[in-house]
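K.L.:
File final15.txt follows (compact mmCIF, C-alpha atoms):
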```
# COMPACT_ATOMS: atom_id res chain seq x y z
CA MET Y 4 32.45 46.40 -13.33
CA LEU Y 5 34.25 44.29 -15.94
CA PHE Y 6 34.40 40.48 -15.93
CA ASN Y 7 36.75 38.44 -18.04
CA VAL Y 8 35.80 35.10 -19.62
CA ARG Y 9 37.40 33.15 -16.75
CA SER Y 10 35.18 34.99 -14.25
CA PHE Y 11 32.06 34.10 -16.22
CA VAL Y 12 33.12 30.44 -16.31
CA SER Y 13 33.72 30.46 -12.53
CA ILE Y 14 30.32 31.99 -11.88
CA ALA Y 15 28.67 29.45 -14.18
CA LYS Y 16 30.40 26.59 -12.37
CA LEU Y 17 29.38 28.01 -9.00
CA THR Y 18 25.77 28.36 -10.18
CA GLU Y 19 25.73 24.77 -11.44
CA THR Y 20 27.24 23.54 -8.16
CA ARG Y 21 24.55 25.34 -6.19
CA LYS Y 22 21.91 23.79 -8.45
CA GLN Y 23 23.35 20.33 -7.84
CA LEU Y 24 23.36 20.89 -4.08
CA LEU Y 25 19.78 22.10 -4.16
CA ARG Y 26 18.74 19.13 -6.26
CA GLN Y 27 20.46 16.81 -3.81
CA PHE Y 28 18.76 18.55 -0.89
CA TRP Y 29 15.28 18.33 -2.37
CA TYR Y 30 15.48 15.14 -4.40
CA GLY Y 31 18.01 13.05 -2.52
CA ARG Y 32 21.01 11.10 -3.75
CA PRO Y 33 20.63 8.75 -6.72
CA ALA Y 34 19.02 5.50 -5.64
CA GLN Y 35 21.09 2.34 -5.44
CA MET Y 36 18.35 0.39 -7.25
CA ASN Y 37 17.65 0.65 -10.95
CA VAL Y 38 13.97 1.46 -10.42
CA HIS Y 39 12.00 4.08 -12.32
CA LEU Y 40 8.33 4.34 -11.36
CA LYS Y 41 7.52 7.89 -12.44
CA GLY Y 42 4.41 7.99 -14.61
CA GLN Y 43 3.28 4.44 -13.83
CA ASP Y 44 -0.08 3.34 -12.42
CA LEU Y 45 -0.57 1.33 -9.22
CA LEU Y 46 -3.55 -0.93 -9.83
CA THR Y 47 -2.22 -4.17 -8.37
CA LEU Y 48 1.05 -5.32 -6.80
CA GLN Y 49 1.09 -8.12 -9.34
CA ASN Y 50 2.38 -5.56 -11.86
CA TYR Y 51 5.34 -4.63 -9.64
CA THR Y 52 8.65 -6.46 -9.49
CA ALA Y 53 10.43 -7.44 -6.28
CA ASP Y 54 12.84 -4.51 -6.66
CA GLU Y 55 9.99 -2.07 -7.25
CA LEU Y 56 8.17 -3.24 -4.13
CA LYS Y 57 11.36 -2.91 -2.10
CA TYR Y 58 11.92 0.55 -3.55
CA LEU Y 59 8.45 1.72 -2.43
CA LEU Y 60 9.11 0.42 1.10
CA TRP Y 61 12.51 2.09 1.10
CA MET Y 62 10.88 5.35 -0.03
CA ALA Y 63 8.28 5.09 2.75
CA SER Y 64 10.98 4.55 5.38
CA ASP Y 65 12.93 7.51 4.02
CA LEU Y 66 9.95 9.89 4.09
CA LYS Y 67 8.92 8.75 7.56
CA GLN Y 68 12.43 9.25 8.90
CA ARG Y 69 12.99 12.66 7.32
CA ILE Y 70 9.53 14.14 7.96
CA LYS Y 71 8.34 12.51 11.19
CA TYR Y 72 11.56 12.00 13.11
CA LYS Y 73 13.84 14.72 11.69
CA GLY Y 74 11.09 17.31 11.29
CA GLU Y 75 12.10 18.19 7.73
CA TYR Y 76 9.76 19.87 5.27
CA LEU Y 77 9.79 18.23 1.85
CA PRO Y 78 7.41 20.04 -0.52
CA LEU Y 79 7.81 17.38 -3.22
CA MET Y 80 4.16 17.80 -4.32
CA GLN Y 81 4.25 21.58 -4.44
CA GLY Y 82 2.19 22.78 -7.40
CA LYS Y 83 0.60 19.35 -7.87
CA SER Y 84 -2.97 18.21 -7.24
CA LEU Y 85 -4.56 14.84 -6.52
CA ALA Y 86 -8.11 13.84 -7.50
CA MET Y 87 -9.56 11.37 -4.98
CA ILE Y 88 -12.62 9.48 -6.27
CA PHE Y 89 -14.38 7.53 -3.50
CA GLU Y 90 -17.38 5.33 -4.29
CA LYS Y 91 -17.03 3.70 -0.85
CA ARG Y 92 -16.62 5.32 2.56
CA SER Y 93 -13.13 5.34 4.05
CA THR Y 94 -11.18 6.35 7.13
CA ARG Y 95 -7.54 5.34 6.68
CA THR Y 96 -7.26 5.58 2.89
CA ARG Y 97 -8.89 8.98 2.72
CA LEU Y 98 -7.07 10.48 5.70
CA SER Y 99 -3.66 9.10 4.74
CA ALA Y 100 -3.98 10.33 1.15
CA GLU Y 101 -5.34 13.77 2.06
CA THR Y 102 -2.94 14.54 4.89
CA GLY Y 103 0.02 12.89 3.17
CA PHE Y 104 -0.38 14.77 -0.10
CA ALA Y 105 -0.92 18.06 1.75
CA LEU Y 106 2.10 17.41 3.97
CA LEU Y 107 4.18 17.17 0.81
CA GLY Y 108 2.88 20.56 -0.32
CA GLY Y 109 0.21 19.36 -2.76
CA HIS Y 110 -3.54 19.93 -3.04
CA PRO Y 111 -5.84 16.90 -2.62
CA SER Y 112 -9.45 17.07 -3.82
CA PHE Y 113 -11.89 14.59 -2.27
CA LEU Y 114 -14.69 13.59 -4.66
CA THR Y 115 -17.62 11.30 -3.94
CA THR Y 116 -20.34 10.25 -6.37
CA GLN Y 117 -22.49 12.96 -4.77
CA ASP Y 118 -19.89 15.61 -5.58
CA ILE Y 119 -19.30 14.91 -9.27
CA HIS Y 120 -21.32 13.66 -12.24
CA LEU Y 121 -19.60 10.27 -12.35
CA GLY Y 122 -22.14 7.51 -13.02
CA THR Y 123 -25.07 9.94 -13.11
CA ASN Y 124 -24.93 11.93 -16.33
CA GLU Y 125 -21.27 11.64 -17.29
CA SER Y 126 -19.36 8.54 -18.30
CA LEU Y 127 -16.29 7.30 -16.48
CA THR Y 128 -14.26 7.88 -19.64
CA ASP Y 129 -15.27 11.54 -19.87
CA THR Y 130 -14.71 12.13 -16.14
CA VAL Y 131 -11.23 10.66 -16.24
CA ARG Y 132 -10.24 12.66 -19.32
CA VAL Y 133 -11.34 15.88 -17.61
CA LEU Y 134 -9.51 15.04 -14.38
CA SER Y 135 -6.39 14.19 -16.39
CA SER Y 136 -6.34 17.75 -17.72
CA MET Y 137 -6.67 19.34 -14.28
CA THR Y 138 -4.77 17.14 -11.82
CA ASN Y 139 -1.51 15.18 -11.63
CA ALA Y 140 -2.84 11.84 -10.37
CA ILE Y 141 -6.11 10.07 -9.56
CA LEU Y 142 -6.61 7.89 -6.50
CA ALA Y 143 -9.83 5.90 -6.78
CA ARG Y 144 -11.70 3.66 -4.33
CA VAL Y 145 -14.20 1.77 -6.44
CA TYR Y 146 -16.52 -1.23 -6.40
CA LYS Y 147 -15.37 -2.78 -9.69
CA HIS Y 148 -11.70 -3.28 -10.50
CA ASN Y 149 -12.59 -3.07 -14.20
CA ASP Y 150 -13.32 0.61 -13.65
CA LEU Y 151 -9.70 1.14 -12.62
CA ASP Y 152 -8.53 -0.63 -15.77
CA LEU Y 153 -10.69 1.71 -17.83
CA MET Y 154 -9.35 4.74 -15.94
CA ALA Y 155 -5.78 3.66 -16.65
CA LYS Y 156 -6.61 3.25 -20.34
CA GLU Y 157 -8.24 6.67 -20.68
CA SER Y 158 -6.02 8.66 -18.33
CA THR Y 159 -2.81 10.51 -19.16
CA ILE Y 160 -1.80 10.65 -15.49
CA PRO Y 161 -1.08 7.91 -12.91
CA ILE Y 162 -4.04 5.97 -11.49
CA ILE Y 163 -3.72 4.66 -7.91
CA ASN Y 164 -5.97 1.90 -6.60
CA GLY Y 165 -7.44 3.00 -3.27
CA LEU Y 166 -9.38 -0.29 -3.05
CA SER Y 167 -11.38 -2.39 -5.50
CA ASP Y 168 -13.27 -5.65 -5.34
CA LEU Y 169 -10.10 -7.51 -6.37
CA TYR Y 170 -7.16 -5.71 -4.72
CA HIS Y 171 -6.10 -3.31 -1.97
CA PRO Y 172 -2.40 -2.66 -2.73
CA LEU Y 173 -1.98 0.42 -0.53
CA GLN Y 174 -3.00 -1.57 2.54
CA ILE Y 175 -0.46 -4.31 1.92
CA LEU Y 176 2.41 -1.87 1.42
CA ALA Y 177 1.57 -0.49 4.87
CA ASP Y 178 1.53 -4.03 6.28
CA TYR Y 179 4.95 -4.78 4.83
CA LEU Y 180 6.44 -1.53 6.12
CA THR Y 181 5.11 -2.39 9.59
CA LEU Y 182 6.66 -5.87 9.47
CA GLN Y 183 9.91 -4.45 8.11
CA GLU Y 184 10.11 -2.05 11.06
CA HIS Y 185 9.23 -4.74 13.62
CA TYR Y 186 11.31 -7.67 12.40
CA GLY Y 187 14.12 -5.77 10.66
CA GLY Y 188 13.45 -7.66 7.43
CA LEU Y 189 10.81 -9.57 5.49
CA ASN Y 190 12.66 -12.46 3.87
CA GLY Y 191 11.82 -15.79 5.51
CA LEU Y 192 8.76 -14.60 7.46
CA THR Y 193 5.61 -16.74 7.39
CA ILE Y 194 2.34 -14.83 7.03
CA THR Y 195 -0.86 -16.63 7.99
CA TRP Y 196 -4.20 -15.32 6.76
CA ILE Y 197 -7.28 -16.59 8.57
CA GLY Y 198 -10.57 -15.34 7.16
CA ASP Y 199 -12.23 -14.39 3.89
CA GLY Y 200 -10.59 -14.78 0.47
CA ASN Y 201 -10.96 -11.09 -0.30
CA ASN Y 202 -9.20 -8.16 -1.97
CA VAL Y 203 -6.73 -7.61 0.88
CA LEU Y 204 -5.66 -11.25 0.74
CA HIS Y 205 -5.32 -11.06 -3.05
CA SER Y 206 -2.80 -8.24 -2.67
CA ILE Y 207 -0.75 -10.31 -0.22
CA MET Y 208 -0.92 -13.31 -2.56
CA THR Y 209 0.44 -11.35 -5.52
CA SER Y 210 3.39 -9.87 -3.62
CA ALA Y 211 4.54 -11.86 -0.56
CA ALA Y 212 6.67 -14.41 -2.43
CA LYS Y 213 8.49 -11.62 -4.29
CA LEU Y 214 9.80 -10.45 -0.92
CA GLY Y 215 10.72 -13.97 0.22
CA MET Y 216 7.75 -14.51 2.54
CA HIS Y 217 5.88 -17.78 2.97
CA LEU Y 218 2.09 -17.65 2.93
CA HIS Y 219 -0.48 -19.84 4.72
CA ILE Y 220 -4.19 -19.26 4.07
CA ALA Y 221 -7.21 -20.66 5.91
CA THR Y 222 -10.68 -19.88 4.56
CA PRO Y 223 -14.03 -21.65 4.93
CA LYS Y 224 -15.24 -23.70 1.96
CA GLY Y 225 -16.90 -21.42 -0.54
CA PHE Y 226 -14.91 -18.38 0.58
CA GLU Y 227 -11.55 -19.21 -1.00
CA PRO Y 228 -9.50 -16.57 -2.83
CA ASP Y 229 -9.99 -16.07 -6.56
CA LEU Y 230 -8.84 -19.19 -8.43
CA ARG Y 231 -6.92 -17.19 -11.03
CA ILE Y 232 -5.01 -15.35 -8.31
CA THR Y 233 -4.37 -18.65 -6.50
CA LYS Y 234 -2.71 -20.02 -9.62
CA ILE Y 235 -0.55 -16.89 -9.91
CA THR Y 236 0.43 -17.28 -6.25
CA GLU Y 237 1.47 -20.89 -6.83
CA GLN Y 238 3.66 -19.76 -9.72
CA TYR Y 239 5.27 -17.03 -7.62
CA SER Y 240 5.89 -19.48 -4.78
CA GLU Y 241 7.71 -21.82 -7.12
CA GLU Y 242 9.63 -19.00 -8.80
CA TYR Y 243 10.83 -17.40 -5.55
CA GLY Y 244 11.24 -20.60 -3.53
CA THR Y 245 8.63 -19.89 -0.86
CA LYS Y 246 5.97 -22.07 0.76
CA PHE Y 247 2.29 -21.68 -0.05
CA LEU Y 248 -0.49 -23.43 1.88
CA LEU Y 249 -4.23 -23.22 1.25
CA THR Y 250 -6.43 -24.96 3.83
CA THR Y 251 -9.74 -24.77 5.70
CA ASP Y 252 -8.07 -25.38 9.09
CA PRO Y 253 -7.07 -22.18 10.96
CA LEU Y 254 -4.71 -24.01 13.34
CA GLU Y 255 -2.94 -25.76 10.46
CA ALA Y 256 -2.45 -22.39 8.77
CA ALA Y 257 -1.19 -20.81 12.02
CA ASP Y 258 1.49 -23.45 12.52
CA ASN Y 259 4.84 -21.69 13.08
CA ALA Y 260 3.50 -18.41 11.69
CA ASN Y 261 5.32 -15.15 12.40
CA VAL Y 262 2.36 -12.99 11.43
CA LEU Y 263 -1.34 -13.68 12.01
CA VAL Y 264 -3.60 -11.61 9.77
CA THR Y 265 -7.34 -11.27 9.32
CA ASP Y 266 -9.85 -8.80 7.97
CA THR Y 267 -13.57 -8.17 8.01
CA TRP Y 268 -15.70 -11.15 7.10
CA ILE Y 269 -18.37 -8.85 5.67
CA SER Y 270 -17.03 -6.28 3.24
CA MET Y 271 -18.90 -3.21 2.01
CA GLY Y 272 -21.62 -4.39 -0.34
CA GLN Y 273 -21.96 -7.78 1.39
CA GLU Y 274 -24.23 -6.69 4.24
CA GLU Y 275 -27.12 -8.87 3.01
CA GLU Y 276 -24.87 -11.93 3.41
CA LYS Y 277 -24.07 -11.19 7.07
CA LYS Y 278 -26.06 -14.03 8.65
CA GLU Y 279 -24.73 -16.62 6.20
CA ARG Y 280 -21.15 -15.41 6.53
CA LEU Y 281 -21.11 -15.34 10.33
CA LYS Y 282 -22.29 -18.94 10.33
CA ALA Y 283 -19.68 -20.02 7.77
CA PHE Y 284 -16.82 -18.35 9.66
CA GLN Y 285 -17.48 -19.93 13.05
CA GLY Y 286 -14.16 -21.17 14.44
CA TYR Y 287 -12.12 -18.63 12.47
CA GLN Y 288 -11.78 -16.02 15.20
CA ILE Y 289 -8.11 -15.38 16.03
CA THR Y 290 -7.49 -15.89 19.76
CA MET Y 291 -4.59 -16.67 22.06
CA GLN Y 292 -5.43 -20.32 21.42
CA THR Y 293 -4.71 -19.71 17.72
CA ALA Y 294 -1.45 -18.00 18.66
CA LYS Y 295 -0.26 -21.09 20.54
CA SER Y 296 0.29 -22.72 17.14
CA ALA Y 297 2.30 -19.73 15.88
CA ALA Y 298 6.01 -18.99 16.22
CA SER Y 299 7.29 -17.56 19.50
CA ASN Y 300 7.75 -14.11 17.92
CA TRP Y 301 4.25 -13.91 16.41
CA THR Y 302 2.54 -10.60 15.76
CA PHE Y 303 -0.97 -9.65 14.66
CA LEU Y 304 -2.21 -7.41 11.82
CA HIS Y 305 -5.68 -6.18 10.86
CA CYS Y 306 -6.38 -3.48 8.28
CA LEU Y 307 -9.37 -2.11 10.28
CA PRO Y 308 -12.20 -1.52 10.96
CA ARG Y 309 -12.28 -4.59 13.21
CA LYS Y 310 -15.18 -6.64 14.55
CA PRO Y 311 -14.78 -8.76 17.74
CA GLU Y 312 -15.88 -11.94 15.96
CA GLU Y 313 -12.77 -11.72 13.74
CA VAL Y 314 -10.25 -11.36 16.57
CA ASP Y 315 -10.83 -11.18 20.33
CA ASP Y 316 -9.75 -8.27 22.53
CA GLU Y 317 -6.95 -10.24 24.15
CA VAL Y 318 -5.11 -10.52 20.83
CA PHE Y 319 -6.24 -7.24 19.27
CA TYR Y 320 -5.08 -5.07 22.20
CA SER Y 321 -2.07 -7.18 23.15
CA PRO Y 322 1.56 -6.02 22.84
CA ARG Y 323 1.81 -8.44 19.89
CA SER Y 324 -0.75 -6.43 17.95
CA LEU Y 325 0.73 -3.97 15.43
CA VAL Y 326 -2.59 -2.70 14.09
CA PHE Y 327 -2.23 0.96 15.04
CA GLN Y 328 1.35 1.20 13.79
CA GLU Y 329 0.03 -0.51 10.66
CA ALA Y 330 -2.73 2.10 10.36
CA GLU Y 331 -0.26 5.00 10.64
CA ASN Y 332 1.98 3.44 8.02
CA ARG Y 333 -0.83 3.76 5.50
CA LYS Y 334 0.16 7.42 5.41
CA TRP Y 335 3.87 6.87 4.79
CA THR Y 336 3.40 4.19 2.16
CA ILE Y 337 0.79 6.15 0.25
CA MET Y 338 3.13 9.15 0.32
CA ALA Y 339 5.88 6.90 -1.01
CA VAL Y 340 3.65 5.81 -3.88
CA MET Y 341 2.73 9.37 -4.81
CA VAL Y 342 6.33 10.59 -4.62
CA SER Y 343 7.57 7.64 -6.69
CA LEU Y 344 4.90 8.00 -9.39
CA LEU Y 345 5.05 11.80 -9.64
CA THR Y 346 8.63 12.93 -8.96
CA ASP Y 347 12.32 12.15 -9.48
CA TYR Y 348 13.04 12.11 -5.76
CA SER Y 349 15.29 9.27 -4.58
CA PRO Y 350 15.62 8.05 -0.96
CA GLN Y 351 18.46 9.46 1.11
CA LEU Y 352 18.10 6.95 3.92
CA GLN Y 353 20.34 3.92 3.68
CA LYS Y 354 18.59 1.07 1.90
CA PRO Y 355 17.01 -1.33 4.44
CA THR Y 356 17.74 -5.03 4.53
CA PHE Y 357 14.76 -6.86 3.13
```
Take the structure from the file and write it as structure tokens.
P.N.:
Amino acid sequence: MLFNVRSFVSIAKLTETRKQLLRQFWYGRPAQMNVHLKGQDLLTLQNYTADELKYLLWMASDLKQRIKYKGEYLPLMQGKSLAMIFEKRSTRTRLSAETGFALLGGHPSFLTTQDIHLGTNESLTDTVRVLSSMTNAILARVYKHNDLDLMAKESTIPIINGLSDLYHPLQILADYLTLQEHYGGLNGLTITWIGDGNNVLHSIMTSAAKLGMHLHIATPKGFEPDLRITKITEQYSEEYGTKFLLTTDPLEAADNANVLVTDTWISMGQEEEKKERLKAFQGYQITMQTAKSAASNWTFLHCLPRKPEEVDDEVFYSPRSLVFQEAENRKWTIMAVMVSLLTDYSPQLQKPTF
């Protein structure tokens, strides 16, 4: 059969059109935000702009809508692998990363210090260089945040912070997605943290103002957040026009709050301090009495696992508690991070109002 030049041109155009349709099907329409995260690390939300944070939340909403509610299969991680280094035990971070990466068609590899030579007879530098040659990204839950900085320096692939002594960015993205879903927006909300000045709080402090949220913090004396991070938070509050309060009075912090948040008072590695900490945190349990000071539409968040001394059952299991929706959203936000750092996919869902 003979084809003239015009026929070849038509076939070429048809082929290119089909390619464009396939690209649109798999990778979505071009985003309406000028955000490009592919190849970046996620060590702390401090390194992310307001638009980049919004983009990650938009991506999470998009993936949740398409996969969970529409039943679509999006193999965006097909042919890719994820190394998961865990120095600390984990439920939500491990499960959300493993199932999320697999759901996207990728292969996650869970590695503890008992599984690999890390810290025994191989340096962190050497381990990371090897993993960089075999996988597409590394998610690490570590004791020392400095180890993540070293990983990022030595790695040629994205490094994702699964928790460190300073930050827990994946948790806070899940919190924000949960609040976005519940309130229909984040701007103008007041978040009140009552508890320890820990890594989870640090991630809220370095991001809330960028999304227009006010932040109240109540911690006992001697358990305040890191001073350097407090100074950064004050700068963000001034820059974005939000309110920032640091106090030792839980009821003062809870005044007119939309969101009451707490976390464990005794983190992994602090078990020897349990007696001292329980004594210091007396009066910091979140109860319905605490909620009386909050706004009429208050809700409650806790990253889990939860101890009764931190929040009583009446609040924790109340209709105002969003903790289990929050836990599920760990999966969708961590998927959003992996898709954003490893692919060119753009959300198809209409951009939410933040």
K.L.:
From the options Y:Glu329, Y:Asp199, Y:Glu55, Y:Asp65, which residue's atoms come nearest to Gln285 in chain Y, counting only C-alpha atoms?
P.N.:
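Among the listed residues, the smallest separation from Gln285 in chain Y belongs to Y:Asp199.
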K.L.:
Go through Y:Ser136, Y:Thr222, Y:Ser206, Y:Gln353 and flag the residue nearest Tyr51 in chain Y, using all atoms listed in the file for the distances.
P.N.:
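Of Y:Ser136, Y:Thr222, Y:Ser206, Y:Gln353, the one nearest Tyr51 in chain Y is Y:Ser206, counting all atoms listed in the file.
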K.L.:
Can you list, as a compact mmCIF listing (two decimals) with C-alpha atoms, keeping the file's coordinate frame, every protein, DNA or RNA residue that comes within 8 Å of Leu173 in chain Y when you count all atoms listed in the file, leaving out same-chain residues fewer than 5 positions away?
P.N.:
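Result file is out.txt:
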```
# COMPACT_ATOMS: atom_id res chain seq x y z
CA ASN Y 164 -5.97 1.90 -6.60
CA GLY Y 165 -7.44 3.00 -3.27
CA LEU Y 166 -9.38 -0.29 -3.05
CA ARG Y 333 -0.83 3.76 5.50
CA THR Y 336 3.40 4.19 2.16
CA ILE Y 337 0.79 6.15 0.25
```
K.L.:
Restricting the calculation to only C-alpha atoms: of Y:Leu56, Y:Ala143, Y:Val340, Y:Leu304, which residue gets closest to Phe327 in chain Y?
P.N.:
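Distance minimum relative to Phe327 in chain Y lands on Y:Leu304.
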K.L.:
With distances taken over all atoms listed in the file, which of Y:Gly215, Y:His185, Y:Val38, Y:Val314 is nearest to Thr245 in chain Y?
P.N.:
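Among the listed residues, Y:Gly215 lies closest to Thr245 in chain Y.
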K.L.:
Taking all atoms listed in the file into account, name the residue in Y:Leu85, Y:Leu204, Y:Ala177, Y:Val133 that is nearest to Glu227 in chain Y.
P.N.:
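For Glu227 in chain Y, the nearest of the given residues is Y:Leu204.
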K.L.:
Provide the CA of Glu276 in chain Y to CA of Pro311 in chain Y distance in Å, to one decimal place.
P.N.:
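Going from CA of Glu276 in chain Y over to CA of Pro311 in chain Y covers 17.8 Å.
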K.L.:
I want to know what sits within 10 Å of Lys67 in chain Y, based on only C-alpha atoms, with residues of the same chain fewer than 3 positions away left out; could you give that as a VMD selection string?
P.N.:
chain Y and resid 61 to 64 70 to 75 332 334 to 336 338 to 339
K.L.:
Any idea what the distance is between CA of Thr302 in chain Y and CA of Tyr239 in chain Y?
P.N.:
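Between CA of Thr302 in chain Y and CA of Tyr239 in chain Y the gap works out to 24.4 Å.
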K.L.:
Please identify all polymer residues within 10 Å of Thr47 in chain Y, counting all atoms listed in the file, omitting same-chain residues fewer than 5 positions from it, and present them as an MDAnalysis selection string.
P.N.:
chainID Y and resid 148 163:164 166:167 169:173 205:206 209:210
